[in-house]
$ cat run_12.txt   # compact mmCIF, C-alpha atoms
# COMPACT_ATOMS: atom_id res chain seq x y z
CA MET A 1 -1.80 -57.72 -26.59
CA THR A 2 -0.05 -54.64 -27.81
CA SER A 3 3.28 -53.65 -26.34
CA HIS A 4 1.87 -50.11 -26.03
CA ALA A 5 -0.87 -51.03 -23.62
CA VAL A 6 -2.08 -48.20 -21.46
CA PRO A 7 -1.19 -48.89 -17.83
CA ALA A 8 -4.00 -49.66 -15.42
CA ASP A 9 -3.70 -46.19 -13.93
CA GLY A 10 -3.41 -44.58 -17.35
CA ASP A 11 -7.06 -43.88 -18.09
CA PRO A 12 -6.75 -40.69 -20.20
CA ARG A 13 -9.76 -38.97 -18.62
CA ARG A 14 -8.46 -39.68 -15.14
CA LEU A 15 -4.93 -38.59 -16.04
CA LEU A 16 -6.14 -35.31 -17.50
CA ALA A 17 -8.46 -34.68 -14.56
CA GLU A 18 -5.61 -35.35 -12.13
CA ALA A 19 -3.26 -33.05 -14.07
CA ARG A 20 -5.87 -30.26 -14.02
CA GLY A 21 -6.41 -30.79 -10.30
CA LEU A 22 -2.65 -30.58 -9.61
CA ALA A 23 -2.32 -27.43 -11.74
CA ARG A 24 -5.19 -25.85 -9.80
CA ARG A 25 -3.55 -26.73 -6.46
CA VAL A 26 -0.29 -25.12 -7.61
CA ARG A 27 -2.14 -21.94 -8.61
CA LEU A 28 -3.85 -21.82 -5.22
CA THR A 29 -0.47 -22.24 -3.52
CA GLN A 30 1.05 -19.43 -5.60
CA ARG A 31 -1.62 -16.91 -4.63
CA VAL A 32 -0.66 -14.16 -2.20
CA THR A 33 -3.55 -11.92 -3.24
CA TRP A 34 -3.76 -10.07 0.07
CA LEU A 35 -0.24 -8.64 -0.39
CA PRO A 36 -0.71 -6.35 -3.44
CA LEU A 37 -4.05 -5.16 -2.09
CA LEU A 38 -2.51 -4.29 1.27
CA VAL A 39 0.53 -2.54 -0.23
CA LEU A 40 -1.64 -0.55 -2.68
CA ALA A 41 -4.06 0.41 0.12
CA VAL A 42 -1.14 1.82 2.12
CA VAL A 43 0.07 3.75 -0.95
CA THR A 44 -3.46 5.13 -1.53
CA PHE A 45 -3.87 6.25 2.10
CA GLY A 46 -0.40 7.82 1.95
CA ALA A 47 -1.54 10.00 -0.95
CA ILE A 48 -4.15 11.77 1.21
CA PRO A 49 -1.83 14.01 3.26
CA VAL A 50 0.50 14.53 0.30
CA SER A 51 -2.43 15.74 -1.85
CA GLY A 52 -3.78 17.95 0.94
CA TRP A 53 -0.59 19.65 2.03
CA GLY A 54 1.54 19.62 -1.09
CA PRO A 55 2.19 22.92 -2.93
CA THR A 56 0.23 23.89 -6.04
CA VAL A 57 1.96 25.61 -8.95
CA THR A 58 -0.31 27.64 -11.24
CA SER A 59 0.82 29.02 -14.60
CA GLY A 60 -0.39 30.13 -18.03
CA CYS A 61 -3.65 31.63 -16.80
CA ARG A 62 -5.94 33.19 -19.39
CA ALA A 63 -9.44 34.56 -19.34
CA VAL A 64 -12.36 32.56 -20.76
CA ASP A 65 -16.13 33.09 -20.59
CA GLY A 66 -17.06 33.31 -16.92
CA GLY A 67 -13.58 32.98 -15.44
CA GLN A 68 -10.07 31.93 -16.28
CA VAL A 69 -8.22 28.78 -17.22
CA CYS A 70 -4.84 27.96 -15.70
CA LYS A 71 -2.36 25.12 -15.92
CA VAL A 72 -2.18 23.59 -12.44
CA TRP A 73 0.70 21.39 -11.40
CA GLU A 74 0.75 19.63 -8.06
CA PRO A 75 4.30 18.27 -7.95
CA ALA A 76 4.12 16.58 -4.54
CA PRO A 77 1.20 14.17 -5.16
CA GLN A 78 2.33 13.46 -8.71
CA LEU A 79 5.88 12.63 -7.69
CA TYR A 80 4.53 10.74 -4.66
CA TRP A 81 2.29 8.50 -6.81
CA LEU A 82 5.08 7.82 -9.31
CA ALA A 83 7.67 6.89 -6.66
CA ALA A 84 5.25 5.11 -4.33
CA LEU A 85 3.68 2.97 -7.06
CA LEU A 86 7.06 1.94 -8.50
CA LEU A 87 8.29 1.06 -5.01
CA ALA A 88 5.01 -0.75 -4.28
CA TYR A 89 5.36 -3.00 -7.31
CA VAL A 90 8.94 -3.85 -6.32
CA VAL A 91 7.74 -4.73 -2.78
CA ILE A 92 4.88 -6.81 -4.21
CA ALA A 93 7.23 -8.73 -6.54
CA ARG A 94 9.70 -9.50 -3.75
CA GLY A 95 6.95 -10.39 -1.29
CA TYR A 96 5.20 -12.68 -3.76
CA LEU A 97 8.43 -14.51 -4.57
CA ARG A 98 9.36 -14.85 -0.92
CA VAL A 99 6.00 -16.24 0.21
CA ALA A 100 5.57 -18.54 -2.80
CA ARG A 101 9.12 -19.93 -2.48
CA ALA A 102 8.59 -20.58 1.23
CA ARG A 103 5.60 -22.68 0.15
CA GLY A 104 7.77 -24.62 -2.33
CA VAL A 105 6.77 -23.06 -5.65
CA ASP A 106 7.77 -20.09 -7.76
CA ALA A 107 5.53 -17.04 -8.12
CA ARG A 108 3.60 -16.07 -11.23
CA VAL A 109 3.74 -12.35 -10.65
CA ARG A 110 6.15 -10.87 -13.18
CA PRO A 111 3.56 -9.90 -15.85
CA TYR A 112 1.43 -8.21 -13.18
CA VAL A 113 4.37 -6.21 -11.84
CA LEU A 114 5.53 -5.26 -15.34
CA THR A 115 1.98 -4.17 -16.25
CA GLY A 116 1.73 -2.10 -13.07
CA VAL A 117 5.11 -0.44 -13.65
CA ALA A 118 4.39 0.16 -17.36
CA LEU A 119 0.96 1.68 -16.63
CA THR A 120 2.46 3.92 -13.94
CA VAL A 121 5.22 5.18 -16.24
CA VAL A 122 2.86 5.68 -19.21
CA LEU A 123 0.29 7.51 -17.06
CA PHE A 124 2.86 9.91 -15.69
CA ALA A 125 4.46 10.44 -19.08
CA ALA A 126 0.99 11.25 -20.45
CA LEU A 127 0.36 13.60 -17.55
CA ALA A 128 3.72 15.34 -18.00
CA ALA A 129 3.05 15.72 -21.72
CA GLY A 130 -0.35 17.32 -20.99
CA THR A 131 -2.23 14.66 -22.95
CA GLY A 132 -5.55 15.76 -21.43
CA ALA A 133 -5.41 19.01 -23.36
CA TRP A 134 -4.73 17.11 -26.61
CA ILE A 135 -7.71 14.81 -26.08
CA VAL A 136 -10.15 17.56 -25.20
CA PRO A 137 -9.77 21.18 -26.36
CA ASP A 138 -9.72 23.92 -23.72
CA PRO A 139 -13.31 25.15 -23.59
CA GLN A 140 -14.66 21.61 -23.25
CA LEU A 141 -12.04 20.78 -20.61
CA LEU A 142 -13.95 23.00 -18.17
CA ASP A 143 -17.06 20.86 -18.53
CA PRO A 144 -16.05 17.49 -20.04
CA SER A 145 -18.59 14.91 -21.16
CA THR A 146 -19.25 11.80 -19.01
CA SER A 147 -17.20 9.55 -21.31
CA VAL A 148 -14.22 11.92 -21.11
CA GLN A 149 -14.54 12.04 -17.31
CA VAL A 150 -14.54 8.22 -17.19
CA LEU A 151 -11.47 8.12 -19.46
CA PHE A 152 -9.65 10.66 -17.28
CA ARG A 153 -10.51 8.68 -14.12
CA LEU A 154 -9.13 5.55 -15.76
CA LEU A 155 -5.90 7.42 -16.55
CA THR A 156 -5.21 8.10 -12.87
CA PRO A 157 -3.02 6.13 -10.45
CA THR A 158 -6.11 4.53 -8.85
CA GLY A 159 -7.42 3.59 -12.31
CA GLY A 160 -4.04 2.07 -13.19
CA ILE A 161 -4.14 0.00 -9.98
CA GLY A 162 -7.49 -1.47 -11.09
CA LEU A 163 -6.25 -2.29 -14.60
CA ALA A 164 -3.16 -4.06 -13.22
CA LEU A 165 -5.38 -6.05 -10.83
CA LEU A 166 -7.32 -7.35 -13.85
CA VAL A 167 -4.02 -8.72 -15.19
CA LEU A 168 -3.28 -10.40 -11.83
CA ALA A 169 -6.76 -11.99 -11.81
CA TRP A 170 -6.14 -13.38 -15.30
CA LEU A 171 -2.65 -14.66 -14.36
CA GLU A 172 -3.93 -16.40 -11.26
CA ARG A 173 -7.15 -17.63 -12.94
CA HIS A 174 -8.80 -16.06 -9.92
CA PRO A 175 -12.54 -15.32 -10.44
CA ALA A 176 -12.94 -13.71 -6.99
CA LEU A 177 -10.10 -11.29 -7.72
CA LEU A 178 -11.60 -10.56 -11.16
CA LEU A 179 -14.91 -9.62 -9.50
CA PHE A 180 -13.05 -7.53 -6.94
CA ALA A 181 -11.05 -5.70 -9.63
CA LEU A 182 -14.21 -4.97 -11.65
CA GLY A 183 -15.97 -3.70 -8.51
CA TYR A 184 -12.94 -1.56 -7.65
CA LEU A 185 -12.83 -0.09 -11.17
CA THR A 186 -16.54 0.67 -10.97
CA VAL A 187 -15.97 2.62 -7.75
CA VAL A 188 -13.07 4.51 -9.38
CA LEU A 189 -14.75 5.24 -12.70
CA VAL A 190 -18.33 6.09 -11.68
CA PRO A 191 -17.06 7.34 -9.10
CA VAL A 192 -18.84 5.97 -6.05
CA THR A 193 -18.37 8.52 -3.25
CA PHE A 194 -21.76 8.16 -1.46
CA GLY A 195 -22.08 11.94 -1.86
CA TRP A 196 -19.22 12.36 0.58
CA ALA A 197 -17.13 14.46 -1.80
CA VAL A 198 -19.76 17.17 -2.31
CA HIS A 199 -18.68 19.47 0.52
CA TRP A 200 -14.95 18.84 0.20
CA GLY A 201 -13.42 21.56 -1.87
CA GLY A 202 -10.00 22.84 -2.71
CA ARG A 203 -6.93 20.89 -1.82
CA TRP A 204 -8.79 18.12 0.05
CA GLN A 205 -11.28 17.36 -2.70
CA PHE A 206 -9.53 14.05 -3.52
CA ALA A 207 -9.47 12.84 0.09
CA PRO A 208 -12.92 11.15 0.20
CA MET A 209 -12.24 9.24 -3.02
CA LEU A 210 -8.82 8.14 -1.76
CA VAL A 211 -10.32 7.03 1.58
CA ILE A 212 -12.97 5.00 -0.27
CA THR A 213 -10.60 3.35 -2.78
CA GLY A 214 -7.93 2.75 -0.11
CA GLY A 215 -10.56 1.33 2.23
CA LEU A 216 -11.84 -0.95 -0.52
CA LEU A 217 -8.32 -2.27 -1.18
CA LEU A 218 -7.80 -2.82 2.55
CA LEU A 219 -11.12 -4.65 2.86
CA GLY A 220 -10.22 -6.80 -0.13
CA SER A 221 -6.81 -7.59 1.36
CA THR A 222 -8.40 -8.65 4.66
CA GLY A 223 -11.03 -10.73 2.88
CA PHE A 224 -8.55 -12.58 0.67
CA ALA A 225 -6.18 -13.17 3.61
CA LEU A 226 -9.01 -14.66 5.69
CA ALA A 227 -10.22 -16.81 2.80
CA GLN A 228 -6.69 -18.11 2.23
CA ARG A 229 -6.24 -18.84 5.92
CA LEU A 230 -9.51 -20.77 6.06
CA ARG A 231 -8.59 -22.78 2.95
CA ARG A 232 -5.16 -23.70 4.32
CA ALA A 233 -6.65 -24.68 7.68
CA ARG A 234 -9.01 -27.16 5.97
CA MET B 1 -15.12 -68.72 -43.96
CA THR B 2 -12.36 -66.25 -44.44
CA ASP B 3 -8.85 -67.24 -45.20
CA PRO B 4 -6.54 -65.61 -42.68
CA ASP B 5 -4.30 -64.67 -45.56
CA ASP B 6 -7.16 -62.63 -47.03
CA THR B 7 -7.20 -60.37 -44.04
CA PRO B 8 -6.37 -56.90 -45.34
CA ALA B 9 -3.01 -55.60 -44.29
CA PRO B 10 -3.10 -52.57 -42.01
CA ASP B 11 -3.25 -49.39 -44.01
CA GLU B 12 0.19 -47.85 -43.55
CA THR B 13 -1.04 -44.49 -44.73
CA ALA B 14 -3.76 -44.36 -42.04
CA PRO B 15 -2.88 -42.28 -38.99
CA ALA B 16 -1.60 -44.35 -36.09
CA HIS B 17 -3.87 -44.88 -33.12
CA PRO B 18 -3.01 -42.22 -30.51
CA VAL B 19 -2.15 -44.96 -27.99
CA THR B 20 0.86 -45.95 -30.07
CA ASP B 21 2.23 -42.42 -29.77
CA LEU B 22 2.15 -42.32 -25.98
CA ASP B 23 5.55 -41.76 -24.44
CA ASP B 24 6.04 -44.17 -21.52
CA VAL B 25 8.33 -41.72 -19.72
CA VAL B 26 5.68 -39.00 -19.67
CA HIS B 27 2.52 -41.09 -19.67
CA GLN B 28 3.20 -42.62 -16.26
CA ARG B 29 0.75 -41.06 -13.77
CA VAL B 30 3.30 -39.79 -11.21
CA ARG B 31 5.71 -38.46 -13.83
CA LEU B 32 2.89 -36.68 -15.64
CA GLY B 33 1.99 -35.15 -12.26
CA ILE B 34 5.58 -33.98 -11.70
CA LEU B 35 5.73 -32.37 -15.15
CA THR B 36 2.33 -30.73 -14.66
CA ILE B 37 3.31 -29.25 -11.30
CA ALA B 38 6.72 -28.11 -12.55
CA HIS B 39 5.08 -26.47 -15.57
CA GLU B 40 2.51 -24.61 -13.48
CA ALA B 41 4.90 -23.68 -10.67
CA ARG B 42 7.82 -22.70 -12.97
CA ARG B 43 10.13 -24.06 -10.22
CA VAL B 44 9.04 -26.50 -7.56
CA GLU B 45 10.61 -27.75 -4.37
CA PHE B 46 11.07 -31.48 -3.72
CA GLY B 47 8.99 -31.38 -0.50
CA PHE B 48 6.04 -29.73 -2.27
CA LEU B 49 6.07 -32.44 -4.94
CA ARG B 50 6.24 -35.17 -2.29
CA THR B 51 3.24 -33.73 -0.43
CA GLN B 52 1.11 -33.11 -3.50
CA LEU B 53 1.81 -36.49 -5.07
CA GLU B 54 1.72 -38.36 -1.72
CA LEU B 55 4.95 -40.22 -2.38
CA THR B 56 7.88 -41.34 -0.27
CA ALA B 57 11.14 -39.47 -0.82
CA GLY B 58 12.72 -42.57 -2.38
CA ASN B 59 9.86 -43.18 -4.77
CA LEU B 60 9.80 -39.53 -5.88
CA SER B 61 13.59 -39.57 -6.38
CA LYS B 62 13.29 -42.56 -8.72
CA HIS B 63 10.70 -40.79 -10.88
CA LEU B 64 12.75 -37.59 -10.89
CA SER B 65 15.79 -39.56 -11.95
CA VAL B 66 13.87 -41.03 -14.94
CA LEU B 67 12.73 -37.57 -16.00
CA GLU B 68 16.17 -36.04 -15.52
CA THR B 69 17.83 -38.80 -17.55
CA ALA B 70 15.30 -38.15 -20.33
CA GLY B 71 16.26 -34.46 -20.24
CA LEU B 72 12.75 -33.35 -19.30
CA ILE B 73 13.59 -31.69 -15.99
CA GLY B 74 16.53 -29.94 -14.36
CA VAL B 75 17.39 -30.56 -10.71
CA GLU B 76 19.10 -27.84 -8.70
CA LYS B 77 20.33 -28.42 -5.16
CA GLY B 78 21.06 -25.63 -2.76
CA TYR B 79 20.75 -24.36 0.75
CA GLU B 80 18.33 -22.00 2.40
CA GLY B 81 20.00 -21.17 5.69
CA ARG B 82 21.17 -24.54 6.95
CA ARG B 83 18.38 -26.41 5.28
CA GLY B 84 19.11 -28.22 2.04
CA ARG B 85 16.53 -27.72 -0.67
CA THR B 86 16.10 -29.34 -4.05
CA TRP B 87 14.35 -27.39 -6.80
CA ILE B 88 12.99 -28.94 -9.96
CA THR B 89 12.45 -27.00 -13.20
CA LEU B 90 10.99 -28.07 -16.50
CA THR B 91 13.37 -28.02 -19.49
CA PRO B 92 12.11 -26.86 -22.92
CA ALA B 93 12.04 -30.55 -23.92
CA GLY B 94 9.95 -31.30 -20.83
CA SER B 95 7.55 -28.52 -21.66
CA ALA B 96 7.15 -29.82 -25.21
CA ALA B 97 6.74 -33.41 -23.99
CA LEU B 98 4.03 -32.35 -21.53
CA ALA B 99 2.15 -30.39 -24.19
CA ALA B 100 2.39 -33.34 -26.59
CA GLU B 101 1.15 -35.77 -23.94
CA VAL B 102 -1.85 -33.58 -23.06
CA THR B 103 -2.71 -33.29 -26.76
CA ARG B 104 -2.45 -37.07 -27.21
CA LEU B 105 -4.66 -37.69 -24.17
CA LYS B 106 -7.28 -35.31 -25.54
CA VAL B 107 -7.15 -37.02 -28.95
CA LEU B 108 -7.48 -40.38 -27.26
CA ILE B 109 -10.50 -39.24 -25.25
CA ALA B 110 -12.13 -37.75 -28.34
CA ARG B 111 -11.48 -40.95 -30.26
CA VAL B 112 -12.96 -43.14 -27.54
CA GLU B 113 -16.01 -40.87 -27.30
CA ASN B 114 -16.56 -40.88 -31.07
CA THR B 115 -16.16 -44.63 -31.48
CA ASP B 116 -19.34 -46.71 -31.49
CA ILE B 117 -18.82 -49.43 -28.94
CA PRO B 118 -20.42 -52.66 -30.22
CA GLU B 119 -23.12 -54.07 -28.01
CA ASP B 120 -22.39 -57.30 -26.15
CA ARG B 121 -23.11 -60.25 -28.36

$ encode --input "run_12.txt" --output "C-alpha cells"
Amino acid sequence: MTSHAVPADGDPRRLLAEARGLARRVRLTQRVTWLPLLVLAVVTFGAIPVSGWGPTVTSGCRAVDGGQVCKVWEPAPQLYWLAALLLAYVVIARGYLRVARARGVDARVRPYVLTGVALTVVLFAALAAGTGAWIVPDPQLLDPSTSVQVLFRLLTPTGGIGLALLVLAWLERHPALLLFALGYLTVVLVPVTFGWAVHWGGRWQFAPMLVITGGLLLLGSTGFALAQRLRRAR
Amino acid sequence: MTDPDDTPAPDETAPAHPVTDLDDVVHQRVRLGILTIAHEARRVEFGFLRTQLELTAGNLSKHLSVLETAGLIGVEKGYEGRRGRTWITLTPAGSAALAAEVTRLKVLIARVENTDIPEDR
C-alpha cells in the first residue's frame, strides 16, 4: 500500500463536485441583485421631473435646408445623471458589502461599481466634448441612420446602466440577471415605448422612455428580491 | 517464470502519478471546502463556514489551525458591536495551493477515465 493513498472521502470526482457546489452556494449568498436594480430605478424615475422642468440653453444656431440647427444643452438633467449615477454606485457598493458581510461573506461587487462609474464618467466626458457631432456630420445628425440611433441610445445613462448590469451578471455567474440585462438593453436600444412616446413632445419627450426603463428596473428588483426570499426560505 | 530481479525498475523520467503529488493539507475534504469557500467569498466568517460545512466549532477550529499553520489562510478576529466575529481570508499561498489541488484532481480524473480497467479475471 502506498503511503500516498487517497483517503476514503477523497474521491476526486466527489471532491471536485463538492467544491463546485460550495462555490455556487457562496455566489448565491453574495447576491444582492435587487439592490442595484432598485437604486437605479429610483435614479431613473428621479430624472423625469429634472428633464421636464430643467432649463434648456440653446446656442450656435445656423440655418440649414428646411430649418435651423442649434447646439442644445440641458444642464440640469445632464448634471443630475452624472451626480445621481455616481452616488448610486457608491450606495450600491456600500449596500452590497453590508448585506453580504451580514451573511458572513464578502461581496464581489467592485468590478461592477468601477465599470458603472467609468461608463458614467466616459459618457459625460463624451457628451461634454460633443462626440456626437464628430461621429456624424451635421446634415446627417438631423436624420441619423438606425445604427447611429442605436449607438447614441447605448451612449446614454440608461444604456450605460444596461452595460454595467451585464458586468454584474458575469461577476455573479447569474444567468437570470444576464437575461434581464439583455432584455433591458433591448428596451433601451430599440427603443420599446409601445407607441407611448409619439404624442409627447418638447421637454417631456423623454418621460415615457424613463417611465418604461425605470419601471422595468423596479419590476426586476421586485422579482429578484422575491426569488431570493423564496430560495432562502427553502 | 519471471525472476523478481528482472522486474524493470520504475522509469524515473516518467511523470509521477498525480496521486503522489496530492498535498495532504489541502486534499482533505473539509480543508479543501474551507479553501474553496474562502477563495469564492474573498473573506468568510467562521459561522458561515461552520454552517456550510456542517461542522462543530471545535472541529472547524482544528482544520483552520492546520491551514493557518501551513500559511494557507489568515485569521482575523474582531468585534461587530458586542459580538465577536472571526474572519478567514485566503493567503496567496492558499490560493496557489487550491489552484494546484484542483488541477491535480482534474488530471487524476482524466487519467482514471483514460485508463483501460482490466476485466475481472

$ residues_around --input "run_12.txt" --residues "Val25 in chain B" --least-positions-apart "2" --cutoff "12 Å" --atoms "all atoms listed in the file" --output "ChimeraX atom specification"
/B:21-23,27-35,63-73,94,97-98,101

$ closest_residue --input "run_12.txt" --among "B:Ile88, B:Val102, B:Leu108, B:Val75" --to "Leu49 in chain B" --atoms "all atoms listed in the file"
B:Ile88

$ closest_residue --input "run_12.txt" --among "B:Asn59, B:His39, B:Lys106, B:Tyr79" --to "Pro12 in chain A" --atoms "all atoms listed in the file"
B:Lys106

$ interface_residues --input "run_12.txt" --of "chain A" --to "chain B" --cutoff "6 Å" --atoms "only C-alpha atoms" --output "list in words"
His4, Pro12, Ala19, Ala23, Gly104, Val105 and Asp106 of chain A

$ atom_distance --input "run_12.txt" --atom1 "CA of Met209 in chain A" --atom2 "CA of Ala129 in chain A"
25.0 Å

$ closest_residue --input "run_12.txt" --among "A:Leu114, A:Leu15, A:Leu189, A:Val43" --to "Val26 in chain B" --atoms "only C-alpha atoms"
A:Leu15

$ residues_around --input "run_12.txt" --residues "Leu216 in chain A" --least-positions-apart "2" --cutoff "12 Å" --atoms "only C-alpha atoms" --output "PDB file with C-alpha atoms, in the coordinates of the input"
ATOM      1  CA  LEU A  37      -4.050  -5.160  -2.090  1.00  0.00           C
ATOM      2  CA  LEU A  38      -2.510  -4.290   1.270  1.00  0.00           C
ATOM      3  CA  LEU A  40      -1.640  -0.550  -2.680  1.00  0.00           C
ATOM      4  CA  ALA A  41      -4.060   0.410   0.120  1.00  0.00           C
ATOM      5  CA  VAL A  42      -1.140   1.820   2.120  1.00  0.00           C
ATOM      6  CA  THR A  44      -3.460   5.130  -1.530  1.00  0.00           C
ATOM      7  CA  PHE A  45      -3.870   6.250   2.100  1.00  0.00           C
ATOM      8  CA  THR A 158      -6.110   4.530  -8.850  1.00  0.00           C
ATOM      9  CA  GLY A 162      -7.490  -1.470 -11.090  1.00  0.00           C
ATOM     10  CA  PHE A 180     -13.050  -7.530  -6.940  1.00  0.00           C
ATOM     11  CA  ALA A 181     -11.050  -5.700  -9.630  1.00  0.00           C
ATOM     12  CA  GLY A 183     -15.970  -3.700  -8.510  1.00  0.00           C
ATOM     13  CA  TYR A 184     -12.940  -1.560  -7.650  1.00  0.00           C
ATOM     14  CA  LEU A 185     -12.830  -0.090 -11.170  1.00  0.00           C
ATOM     15  CA  THR A 186     -16.540   0.670 -10.970  1.00  0.00           C
ATOM     16  CA  VAL A 187     -15.970   2.620  -7.750  1.00  0.00           C
ATOM     17  CA  VAL A 188     -13.070   4.510  -9.380  1.00  0.00           C
ATOM     18  CA  VAL A 192     -18.840   5.970  -6.050  1.00  0.00           C
ATOM     19  CA  THR A 193     -18.370   8.520  -3.250  1.00  0.00           C
ATOM     20  CA  MET A 209     -12.240   9.240  -3.020  1.00  0.00           C
ATOM     21  CA  LEU A 210      -8.820   8.140  -1.760  1.00  0.00           C
ATOM     22  CA  VAL A 211     -10.320   7.030   1.580  1.00  0.00           C
ATOM     23  CA  ILE A 212     -12.970   5.000  -0.270  1.00  0.00           C
ATOM     24  CA  THR A 213     -10.600   3.350  -2.780  1.00  0.00           C
ATOM     25  CA  GLY A 214      -7.930   2.750  -0.110  1.00  0.00           C
ATOM     26  CA  LEU A 218      -7.800  -2.820   2.550  1.00  0.00           C
ATOM     27  CA  LEU A 219     -11.120  -4.650   2.860  1.00  0.00           C
ATOM     28  CA  GLY A 220     -10.220  -6.800  -0.130  1.00  0.00           C
ATOM     29  CA  SER A 221      -6.810  -7.590   1.360  1.00  0.00           C
ATOM     30  CA  THR A 222      -8.400  -8.650   4.660  1.00  0.00           C
ATOM     31  CA  GLY A 223     -11.030 -10.730   2.880  1.00  0.00           C
TER      32      GLY A 223
END

$ residues_around --input "run_12.txt" --residues "Ala128 in chain A" --least-positions-apart "3" --cutoff "12 Å" --atoms "only C-alpha atoms" --output "PyMOL selection string"
chain A and resi 71-75+78-79+82+121-125+131-133

$ residues_around --input "run_12.txt" --residues "Val50 in chain A" --least-positions-apart "3" --cutoff "9 Å" --atoms "all atoms listed in the file" --output "list of chain:residue names"
A:Gly46, A:Ala47, A:Trp53, A:Gly54, A:Ala76, A:Pro77, A:Tyr80
